[in-house]
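Here's the structure, in structure tokens; my notes come after.
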Amino acid sequence: MAMALRAASRVLLRAGSRLGRREAVDGARRFANKRVLVETEGAAGATRIAVMKFRNPPVNSLSLDFLTEFVISLEKLENDKSIRGVILTSDSLKRGNQTKVAATEKTEEKRATRDHGGRLQERPGIFSAGLDLLEMYGRNPAHYAEYWKAVQELWLRLYLSSLTLMSAINGASPAGGCLLAITCDYRIMADNPKYTIGLNESLLGIVAPFWLKDNYVNTIGHRAAERALQLGTLFPPAEALKVGVVDEVVPEDQVHSKTLSVMAKWLAIPDHSRQLTKTMMRKATADNLIKQREADIQNFASFISRDSIQKSLHMYLEKLKHKKG
Ligand SMILES: CCCCC/C=C\C/C=C\C=C\CC(=O)SCCNC(=O)CCNC(=O)[C@H](O)C(C)(C)COP(=O)(O)OP(=O)(O)OC[C@H]1O[C@@H](n2cnc3c(N)ncnc32)[C@H](O)[C@@H]1OP(=O)(O)O
């Protein structure tokens with residue numbers, strides 16, 4: 001009887017919610033959009049935490065679709081009163097048998113790495129490659145405006161989230177990838193010198209928006225941010241720790257377990273006092289964007305539409321396409 005009930009409940013859960021698939025797996029629960037997988041841990045009725053795994057092949061770039069799904073998933077977690085903490089991480093794993101499809105093939109599907117069965121795969125070792133360059137190149141101003149609004153929305157939701165947010169940085173994390181991390185309350189990075197993190201916009205010939213700059217200043221201090229932003233520095237783990245972009249560096253296979261144990265410490269603090277403190281620390285920075293959101297959108301759309309900026313992006317994309325290794 002119990003088995004039949006369990007089977008029936010699995011069938012019902014798998015029938016899907018409005019937002020995506022929902023499954024029951026060994027006491028843990030999960031729901032998934034196409035590009036974000038959310039797994040919750042902990043018993044029903046008790047405090048639970050959620051792990052949001054990015055899976056937007058090939059490099060977890062923040063495309064418009066990804067941003068939309070991310071915000072929907074986050075909102076769902078914010079509305080679930082049993083969830084108090086969320087871990088952001090990449091679903092990208094080291095997998096064997098991958099073949100990189102020829103760079104001459106243009107569509108998003110073809111750009112991705114695939115396994116021998118032809119299924120799309122994440123490239124390994126990438127937390128997020130940041131904003132999707134293809135959303136900012138060769139499109140029209142209306143698209144740029146729509147895209148930027150979605151970028152702002154994600155940042156505001158994360159930066160002001162009442163949840164305890166932690167990032168388990170298991171791969172490269174340039175620009176918008178770093179944005180995701182620095183909105184969190186705590187960052188733990190894998191100790192792999194191939195992974196770097198930072199705001200490298202200046203290397204692409206673009207400029208980080210003021211609110212992201214403010215977030216960076218709040219994280220690493222004014223002088224360090226001034227230098228790192230101008231140089232577009234991407235810090236390997238040890239340097240990221242030294243400058244304060246991340247709070248801890250641990251062996252790669254311990255990133256998840258360490259993040260869980262730090263989360264447990266944070267969740268021991270009463271929510272109301274921690275949340276009020278967080279708001280006190282962050283509200284002014286967020287309000288600065290909220291009061292000039294529309295102007296910031298127009299600024300972005302006209303900046304990114306400039307011929308000189310489009311040319312810089314084109315050159316950067318070509319460089320990426322033709323890079324070795
Ligand atoms: C004055 C007014 C100011 C107002 C504000 C104005 C402007 C602000 C504007 C923008 C702010 C932007 C912030 C950003 O986030 S910009 C994005 C920055 N990201 C990067 O620089 C990362 C670039 N990527 C990499 O370094 C590597 O790809 C990476 C280390 C992530 C992975 O390396 P790997 O060798 O594994 O993989 P690749 O072969 O390089 O890449 C695979 C495939 O993916 C494409 N790609 C990579 N990154 C992106 C991306 N961010 N968006 C879209 N596509 C990406 C890459 O081109 C490859 O494609 P293909 O060759 O297979 O076709």
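Scheme for the structure tokens: letters A, B, ... for chains in order shown; per-chain residue numbers from 1; ligand numbers from 1 in order shown.
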
Margin query: Neighbours of ligand 1 at 6 Å or closer, counting only C-alpha atoms and all ligand atoms: which residues, as a PyMOL selection string?
Written below: chain A and resi 58-59+61+103+111+123+129-134+172+174-176+201+206-209+299-300+303+317+320-321

Check: So which residues touch Arg48 in chain A within 6 Å, counting only C-alpha atoms, skipping near sequence neighbours fewer than 6 positions away, as an MDAnalysis selection string?
Finding: chainID A and resid 41:42 82:83

Notebook entry, point to check: Which of range 82-322 of chain A counts as strand (DSSP E) under DSSP, as a ChimeraX atom specification please?
Noted result: /A:83-90,98-100,113-115,120-121,164-169,173-174,186-190,197-198,248-250

Just the residues within 12 Å of Asn140 in chain A, please, counting only C-alpha atoms, with nothing from its chain fewer than 2 positions along; format it as a PDB file with C-alpha atoms, in the first residue's frame.
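Contents of part25.pdb, as written:
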ATOM      1  CA  LEU A 134      25.028  37.164 -28.393  1.00  0.00           C
ATOM      2  CA  GLU A 135      22.227  39.060 -26.620  1.00  0.00           C
ATOM      3  CA  MET A 136      24.348  42.206 -26.809  1.00  0.00           C
ATOM      4  CA  TYR A 137      25.711  41.905 -30.318  1.00  0.00           C
ATOM      5  CA  GLY A 138      23.983  42.480 -33.654  1.00  0.00           C
ATOM      6  CA  ALA A 142      14.458  47.193 -28.236  1.00  0.00           C
ATOM      7  CA  HIS A 143      16.132  43.843 -27.666  1.00  0.00           C
ATOM      8  CA  TYR A 144      18.992  45.451 -25.750  1.00  0.00           C
ATOM      9  CA  ALA A 145      16.453  47.256 -23.545  1.00  0.00           C
ATOM     10  CA  GLU A 146      14.527  44.050 -22.851  1.00  0.00           C
ATOM     11  CA  TYR A 147      17.706  42.172 -22.106  1.00  0.00           C
ATOM     12  CA  ALA A 301      20.784  50.329 -25.057  1.00  0.00           C
ATOM     13  CA  SER A 302      22.431  53.384 -26.545  1.00  0.00           C
ATOM     14  CA  ILE A 304      25.811  48.929 -26.585  1.00  0.00           C
ATOM     15  CA  SER A 305      24.345  50.051 -29.944  1.00  0.00           C
ATOM     16  CA  ARG A 306      27.340  52.267 -30.685  1.00  0.00           C
ATOM     17  CA  GLN A 310      29.635  46.565 -31.447  1.00  0.00           C
TER      18      GLN A 310
END

Just asking: which residues within range 123-159 of chain A are helix (DSSP H, G or I) according to DSSP, as a PDB file with C-alpha atoms, in the first residue's frame?
ATOM      1  CA  LEU A 133      27.429  38.195 -25.648  1.00  0.00           C
ATOM      2  CA  LEU A 134      25.028  37.164 -28.393  1.00  0.00           C
ATOM      3  CA  GLU A 135      22.227  39.060 -26.620  1.00  0.00           C
ATOM      4  CA  PRO A 141      17.809  48.644 -29.354  1.00  0.00           C
ATOM      5  CA  ALA A 142      14.458  47.193 -28.236  1.00  0.00           C
ATOM      6  CA  HIS A 143      16.132  43.843 -27.666  1.00  0.00           C
ATOM      7  CA  TYR A 144      18.992  45.451 -25.750  1.00  0.00           C
ATOM      8  CA  ALA A 145      16.453  47.256 -23.545  1.00  0.00           C
ATOM      9  CA  GLU A 146      14.527  44.050 -22.851  1.00  0.00           C
ATOM     10  CA  TYR A 147      17.706  42.172 -22.106  1.00  0.00           C
ATOM     11  CA  TRP A 148      19.081  44.820 -19.765  1.00  0.00           C
ATOM     12  CA  LYS A 149      15.813  44.992 -17.840  1.00  0.00           C
ATOM     13  CA  ALA A 150      16.108  41.241 -17.242  1.00  0.00           C
ATOM     14  CA  VAL A 151      19.749  41.624 -16.117  1.00  0.00           C
ATOM     15  CA  GLN A 152      18.761  44.375 -13.666  1.00  0.00           C
ATOM     16  CA  GLU A 153      15.867  42.249 -12.397  1.00  0.00           C
ATOM     17  CA  LEU A 154      18.123  39.294 -11.669  1.00  0.00           C
ATOM     18  CA  TRP A 155      20.632  41.475  -9.843  1.00  0.00           C
ATOM     19  CA  LEU A 156      17.968  43.218  -7.746  1.00  0.00           C
ATOM     20  CA  ARG A 157      16.271  39.929  -6.830  1.00  0.00           C
ATOM     21  CA  LEU A 158      19.527  38.339  -5.782  1.00  0.00           C
ATOM     22  CA  TYR A 159      21.013  41.359  -4.054  1.00  0.00           C
TER      23      TYR A 159
END

Margin query: Measuring between only C-alpha atoms, which one of A:Lys283, A:Phe31, A:Trp211, A:Ser92 shows the shortest distance to Ser73 in chain A?
Written below: A:Phe31

Note to self: Using only C-alpha atoms for the distances, tell me which of A:Phe235, A:Asn218, A:Gly244, A:Lys323 is nearest to Ala284 in chain A.
What the structure shows: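 Closest residue, counting only C-alpha atoms: A:Asn218.
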
Margin query: At a cut-off of 9 Å, using only C-alpha atoms, what residues contact range 269-275 of chain A? Leave out same-chain residues fewer than 6 positions from it and give the result as a PyMOL selection string.
Written below: chain A and resi 84+161-164

Next item on the list: Name the residues in contact with Met166 in chain A at a cut-off of 6 Å, using only C-alpha atoms, excluding same-chain residues fewer than 3 positions from it; report them as a PyMOL selection string.
Entry: chain A and resi 87+184-187

Margin query: One decimal, in Å: what's the spacing between CA of Phe210 in chain A and CA of Arg293 in chain A?
Written below: 11.4 Å

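Nearest to Leu74 in chain A of all the residues A:Leu160, A:Val245, A:Ile126, A:Ala286 is A:Leu160, based on only C-alpha atoms.
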